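Visitor: Please read through the structure below; I'll follow up with questions.
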Amino acid sequence: MAQAAPPGMNEVGSAHESSRGKLFARSLPFVSVVLLVLLPLLHPGPEIIRLLFITLVWITASVAWNLIGGFGGQVSFGFAVFYGLGAYTTALALNHGISSWIAFPLGGFVASLASLLVGLPTFRLRGPYFAIATIGASEAVRVIMTNVSLTGGASGYRIMETGAFHQLEHFYSALALAAVVVAASILVERSKLGLALVAIREDEDAASDLGVNPYRAKLMAHSLAAALTGAAGGVYARYAAFIHPQGVFAFSISVAILLMPIIGGVGTIWGPVIGAVVYGLIHEELVASFPQLHLLLYGSLLILIVFFEPRGIMGLLGRWFNAMQRRRRLSGSHS
Amino acid sequence: MNAVDLLNLTIAALLLAGVYAAMSVGMTIIYGVMKIVNLAHAGFLMLGAYFVYQLNSSFGIDPLLGVVLAFPVFFLVGMAIHWLLIRRLPTSDQPTLVSLMLLFGLWLVLQNLGYLIWGNADRAILTRWTFWVWRIGPLSIPGVRLVVFGAAVTSVAALEFMLHRTWFGRAVRALMQDRDAGRIVGINVDQTARVVFGVGIAFAGAAGGLLAMLYSFSPDFGGAFLLRAFVIIVLGGLESFAGVAIGALILALVETFSILILPASYQPAVAFSLLVVALVVLPEGVAGLWHRRHRPA
């Protein structure tokens with residue numbers, strides 16, 4: 001698999017990767033999608049479906065963040081803006097009787113427009129401006145949404161959908177969206193845009209000398225990421241049927257969307273997926289019991305990852321895989 | 001609106017600008033020397049507020065004295081954090097993803113410490129001057145704002161004096177201009193960076209204490225002020241102290257006068273709009289504009 005190696009990654013393992021391992025790695029995503037599609041046949045409880053649904057929404061946002069944050073190296077602290085705008089747009093559209101087939105893309109579209117507000121002024125500049133502006137945008141948008149009367153301000157907004165509630169329908173829409181996002185991530189990575197983004201991350205001057213337009217590449221990746229995150233927010237909003245600014249625009253949403261790809265491994269295809277699964281489980285199962293410690297946990301996790309394993313779980317897996325290979329090779333030469 | 005209101009608002013903006021400047025210099029000096037955007041600044045503002053609050057409520061120490069005490073305490077905390085975490089970061093001319101993530105993580109940890117120790121209830125500090133208003137003819141100036149302004153301006157002036165009159169200050173200014181050249185002429189870069197980080201955190205803590213005399217606070221107190229500090233240092237061109245003063249004044253004026261047309265709850269949005277406008281119109285800050293005018297390339 002032609003994965004972008006984050007800086008300093010040694011690729012000893014992949015050269016010697018056995019064909020069986022490769023086949024396994026390639027088929028794993030398809031197998032897991034098929035399993036998820038067929039899962040409801042086993043009649044799992046609604047609680048399990050809910051957990052899977054939430055995890056799929058997290059996967060979507062995490063993989064989307066990675067497009068600009070991982071491939072492009074432009075770290076954003078404000079993805080809750082897109083998530084929340086997507087949620088509110090979808091909610092408004094659904095309440096006006098628009099089908100969810102149109103409401104989700106509409107949420108993505110509005111989020112993508114909002115991404116320009118941060119991207120247009122900052123991507124032309126070098127330096128910390130983008131990261132700074134994302135923090136500002138999330139503060140500002142939350143404050144505005146808390147005061148906008150159209151959507152009920154701070155007291156929240158309810159989605160009135162007619163018809164019965166089918167949990168599986170929500171589950172499948174989240175699954176479809178997550179599959180679309182992972183596919184988009186793979187396509188971006190293999191496209192010229194992906195190459196441009198990685199080049200920008202490693203050395204913006206050099207990339208620009210080679211004819212890459214950093215401004216355009218960053219802007220495109222950012223608005224694509226925003227659109228996908230907005231759609232994820234929409235899928236969540238339709239499921240939750242009630243959203244409020246302190247929920248979907250919360251600082252903790254931005255933290256989560258930032259943290260998941262970093263846990264899993266930034267700049268890879270599967271890292272953000274793994275990170276989202278791990279985060280989803282930790283968050284739903286562990287942190288729910290210790291809400292007063294979750295910032296401490298996530299903050300120290302971030303610090304530890306920065307110092308000890310900047311490539312996250314993918315880095316750990318790669319190291320483990322290399323060690324296995326080495327051991328197998330050694331034992332092979334002895335026999 | 002008459003002339004008296006206008007004058008009152010202008011005075012209020014000026015007084016606010018003082019504490020905004022004190023709040024932002026710590027971030028500027030750290031960015032200038034280390035090219036690190038100190039996202040944990042918000043956390044130290046919050047801790048500074050609680051430090052002054054706790055001294056006041058447990059030992060009856062005057063808040064102003066508490067702010068003075070915050071300088072040495074937060075200076076040592078800053079040096080310790082530099083020794084523990086910051087010095088391990090790779091050096092760079094640009095803020096790296098790694099440094100942003102590290103300081104963001106530190107911010108989250110500090111915020112959680114605040115919640116663990118003090119809970120999430122809003123607190124406020126009552127000072128001797130809280131209800132005192134100085135009246136000059138038709139003008140009325142809240143006493144506490146005047147006192148805070150005085151303390152803020154004194155501390156910024158002291159920093160300015162140190163930067164321009166001591167060898168340490170010369171070293172700092174040299175590193176802000178060019179780290180490698182600074183190293184060549186014999187500046188101990190690591191030691192200077194450690195002291196600078198300490199000074200930056202000391203100013204964050206003290207400014208947090210000053211802000212606590214004006215506003216109520218809770219453990220997520222710092223976020224809105226972090227945004228304001230960003231706007232100010234971007235307006236100031238990121239690395240200039242004169243720029244910080246001008247940026248603080250601009251933000252304070254815009255915020256104060258925006259009350260006339262916008263509800264007060266929209267204020268963080270005002271700061272953000274100013275940030276976007278500043279990035280589009282003067283990306284190098286006010287200081288950059290001045291340089292362009294006076295030194296045509």
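Every chain in the structure tokens takes a letter, A first, then B, and so on in the order presented; its residues are numbered from 1, and the ligands are numbered from 1 following the presented order.
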Do a neighbour search on Asn112 in chain B at 8 Å with only C-alpha atoms, toss out local chain neighbours closer than 3 positions, and write the hits as a list in words.
Guide: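 Those residues are Gln292, Leu293, His294, Leu295 and Leu296 of chain A; Leu108, Val109, Tyr115, Leu116 and Pro219 of chain B.
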Visitor: Find the nearest atom pair between each residue of chain A and chain B for residues within 8 Å, count only C-alpha atoms, give distances in Å to one decimal, sort rows by chain and ascending number, and present the table as JSON lines.
Guide:
{"residue": "A:Gly73", "atom": "CA", "partner": "B:Leu97", "partner_atom": "CA", "distance": 6.9}
{"residue": "A:Gln74", "atom": "CA", "partner": "B:Leu97", "partner_atom": "CA", "distance": 7.5}
{"residue": "A:Val75", "atom": "CA", "partner": "B:Leu97", "partner_atom": "CA", "distance": 6.3}
{"residue": "A:Val118", "atom": "CA", "partner": "B:Val276", "partner_atom": "CA", "distance": 7.7}
{"residue": "A:Pro121", "atom": "CA", "partner": "B:Val280", "partner_atom": "CA", "distance": 5.4}
{"residue": "A:Thr122", "atom": "CA", "partner": "B:Leu279", "partner_atom": "CA", "distance": 6.8}
{"residue": "A:Leu125", "atom": "CA", "partner": "B:Pro283", "partner_atom": "CA", "distance": 7.5}
{"residue": "A:Gly127", "atom": "CA", "partner": "B:Gln94", "partner_atom": "CA", "distance": 5.7}
{"residue": "A:Pro128", "atom": "CA", "partner": "B:Pro95", "partner_atom": "CA", "distance": 6.0}
{"residue": "A:Ile132", "atom": "CA", "partner": "B:Phe230", "partner_atom": "CA", "distance": 6.9}
{"residue": "A:Ala133", "atom": "CA", "partner": "B:Leu275", "partner_atom": "CA", "distance": 7.5}
{"residue": "A:Ile135", "atom": "CA", "partner": "B:Leu227", "partner_atom": "CA", "distance": 7.1}
{"residue": "A:Gly136", "atom": "CA", "partner": "B:Phe272", "partner_atom": "CA", "distance": 5.5}
{"residue": "A:Ala137", "atom": "CA", "partner": "B:Phe272", "partner_atom": "CA", "distance": 6.5}
{"residue": "A:Glu139", "atom": "CA", "partner": "B:Pro268", "partner_atom": "CA", "distance": 6.6}
{"residue": "A:Ala140", "atom": "CA", "partner": "B:Ala269", "partner_atom": "CA", "distance": 4.2}
{"residue": "A:Val141", "atom": "CA", "partner": "B:Ala269", "partner_atom": "CA", "distance": 7.2}
{"residue": "A:Val143", "atom": "CA", "partner": "B:Tyr266", "partner_atom": "CA", "distance": 6.3}
{"residue": "A:Ile144", "atom": "CA", "partner": "B:Tyr266", "partner_atom": "CA", "distance": 6.5}
{"residue": "A:Asn147", "atom": "CA", "partner": "B:Ser265", "partner_atom": "CA", "distance": 7.8}
{"residue": "A:Gln292", "atom": "CA", "partner": "B:Leu116", "partner_atom": "CA", "distance": 7.1}
{"residue": "A:Leu293", "atom": "CA", "partner": "B:Asn112", "partner_atom": "CA", "distance": 6.6}
{"residue": "A:His294", "atom": "CA", "partner": "B:Asn112", "partner_atom": "CA", "distance": 7.8}
{"residue": "A:Leu295", "atom": "CA", "partner": "B:Leu108", "partner_atom": "CA", "distance": 5.3}
{"residue": "A:Leu296", "atom": "CA", "partner": "B:Val109", "partner_atom": "CA", "distance": 4.4}
{"residue": "A:Leu297", "atom": "CA", "partner": "B:Val109", "partner_atom": "CA", "distance": 7.6}
{"residue": "A:Tyr298", "atom": "CA", "partner": "B:Gly105", "partner_atom": "CA", "distance": 7.1}
{"residue": "A:Gly299", "atom": "CA", "partner": "B:Gly105", "partner_atom": "CA", "distance": 3.9}
{"residue": "A:Ser300", "atom": "CA", "partner": "B:Gly105", "partner_atom": "CA", "distance": 6.2}
{"residue": "A:Leu301", "atom": "CA", "partner": "B:Gly105", "partner_atom": "CA", "distance": 7.7}
{"residue": "A:Leu302", "atom": "CA", "partner": "B:Gly105", "partner_atom": "CA", "distance": 5.3}
{"residue": "A:Ile303", "atom": "CA", "partner": "B:Leu102", "partner_atom": "CA", "distance": 5.2}
{"residue": "A:Val306", "atom": "CA", "partner": "B:Val98", "partner_atom": "CA", "distance": 6.2}
Visitor: Just how far from CA of Asp203 in chain A is CA of Phe307 in chain A, in Å to one decimal?
Guide: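 Separating CA of Phe307 in chain A from CA of Asp203 in chain A is a distance of 21.9 Å.
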Visitor: Any idea what's packed within 6 Å of Gly48 in chain B, counting only C-alpha atoms, ignoring anything in its chain fewer than 4 positions away? Could you give it as JSON, numbers by chain?
Guide: {"B": [44, 205, 206, 208, 209]}
Visitor: May I have the residues within 7 Å of range 212-222 of chain A as a list of chain:residue names, using only C-alpha atoms and disregarding those fewer than 3 positions away in the same chain?
Guide: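 Listing them by chain and then by number gives A:Leu67, A:Ile68, A:Gly72, A:Ser115, A:Gly119, A:Phe123, A:Arg124, A:Leu193, A:Ala196, A:Leu197, A:Ile200, A:Ala207, A:Ser208, A:Ala225, A:Ala226.
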Visitor: So that I can see what lies close to range 192-195 of chain B, please list as a PyMOL selection string the residues with an atom at most 7 Å from it, counting only C-alpha atoms and leaving out residues fewer than 4 positions away in the same chain.
Guide: chain B and resi 33-34+79+82+172+188+199
Visitor: So which residues touch range 250-255 of chain B within 10 Å, counting only C-alpha atoms, skipping near sequence neighbours fewer than 6 positions away, as a PyMOL selection string?
Guide: chain B and resi 9-21+228-229+231-232+235-236+244+262+264+266-271+274-275
Visitor: Residues at most 8 Å from Val4 in chain B, counting only C-alpha atoms, excluding those fewer than 3 positions away in the same chain, as a PyMOL selection string?
Guide: chain B and resi 7-8+138-139
Visitor: Just the selected residues (N, CA and C atoms), exported as a CSV table (one decimal), in the first residue's frame, please.
Guide:
chain,number,residue,atom,x,y,z
B,7,LEU,N,-16.6,60.2,25.8
B,7,LEU,CA,-15.4,60.3,26.6
B,7,LEU,C,-15.3,59.1,27.6
B,8,ASN,N,-16.4,58.8,28.2
B,8,ASN,CA,-16.5,57.7,29.2
B,8,ASN,C,-16.1,56.4,28.5
B,138,PRO,N,-18.4,65.4,35.0
B,138,PRO,CA,-19.4,64.5,34.5
B,138,PRO,C,-18.8,63.1,34.2
B,139,LEU,N,-17.5,62.9,34.3
B,139,LEU,CA,-16.9,61.6,34.0
B,139,LEU,C,-16.8,60.7,35.2
Visitor: Output as a PyMOL selection string all residues of range 61-289 of chain B that backbone DSSP marks as alpha helix (DSSP H).
Guide: chain B and resi 63-84+97-118+143-165+167-177+179-184+189-214+222-235+241-258+267-281+285-289
Visitor: Using only C-alpha atoms, which of A:Ala323, A:Leu177, A:Met145, A:Ile59 sits nearest Val273 in chain A?
Guide: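 Of A:Ala323, A:Leu177, A:Met145, A:Ile59, the one nearest Val273 in chain A is A:Ile59, counting only C-alpha atoms.
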Visitor: How many Å lie between CA of Ala80 in chain A and CA of Phe251 in chain A, rounded to one decimal?
Guide: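 Answer for the CA of Ala80 in chain A to CA of Phe251 in chain A separation: 7.0 Å.
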Visitor: Measure the distance from CA of Ala241 in chain A to CA of Ile159 in chain A in Å and round it to one decimal.
Guide: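 Computing it gives 4.8 Å between the two atoms.
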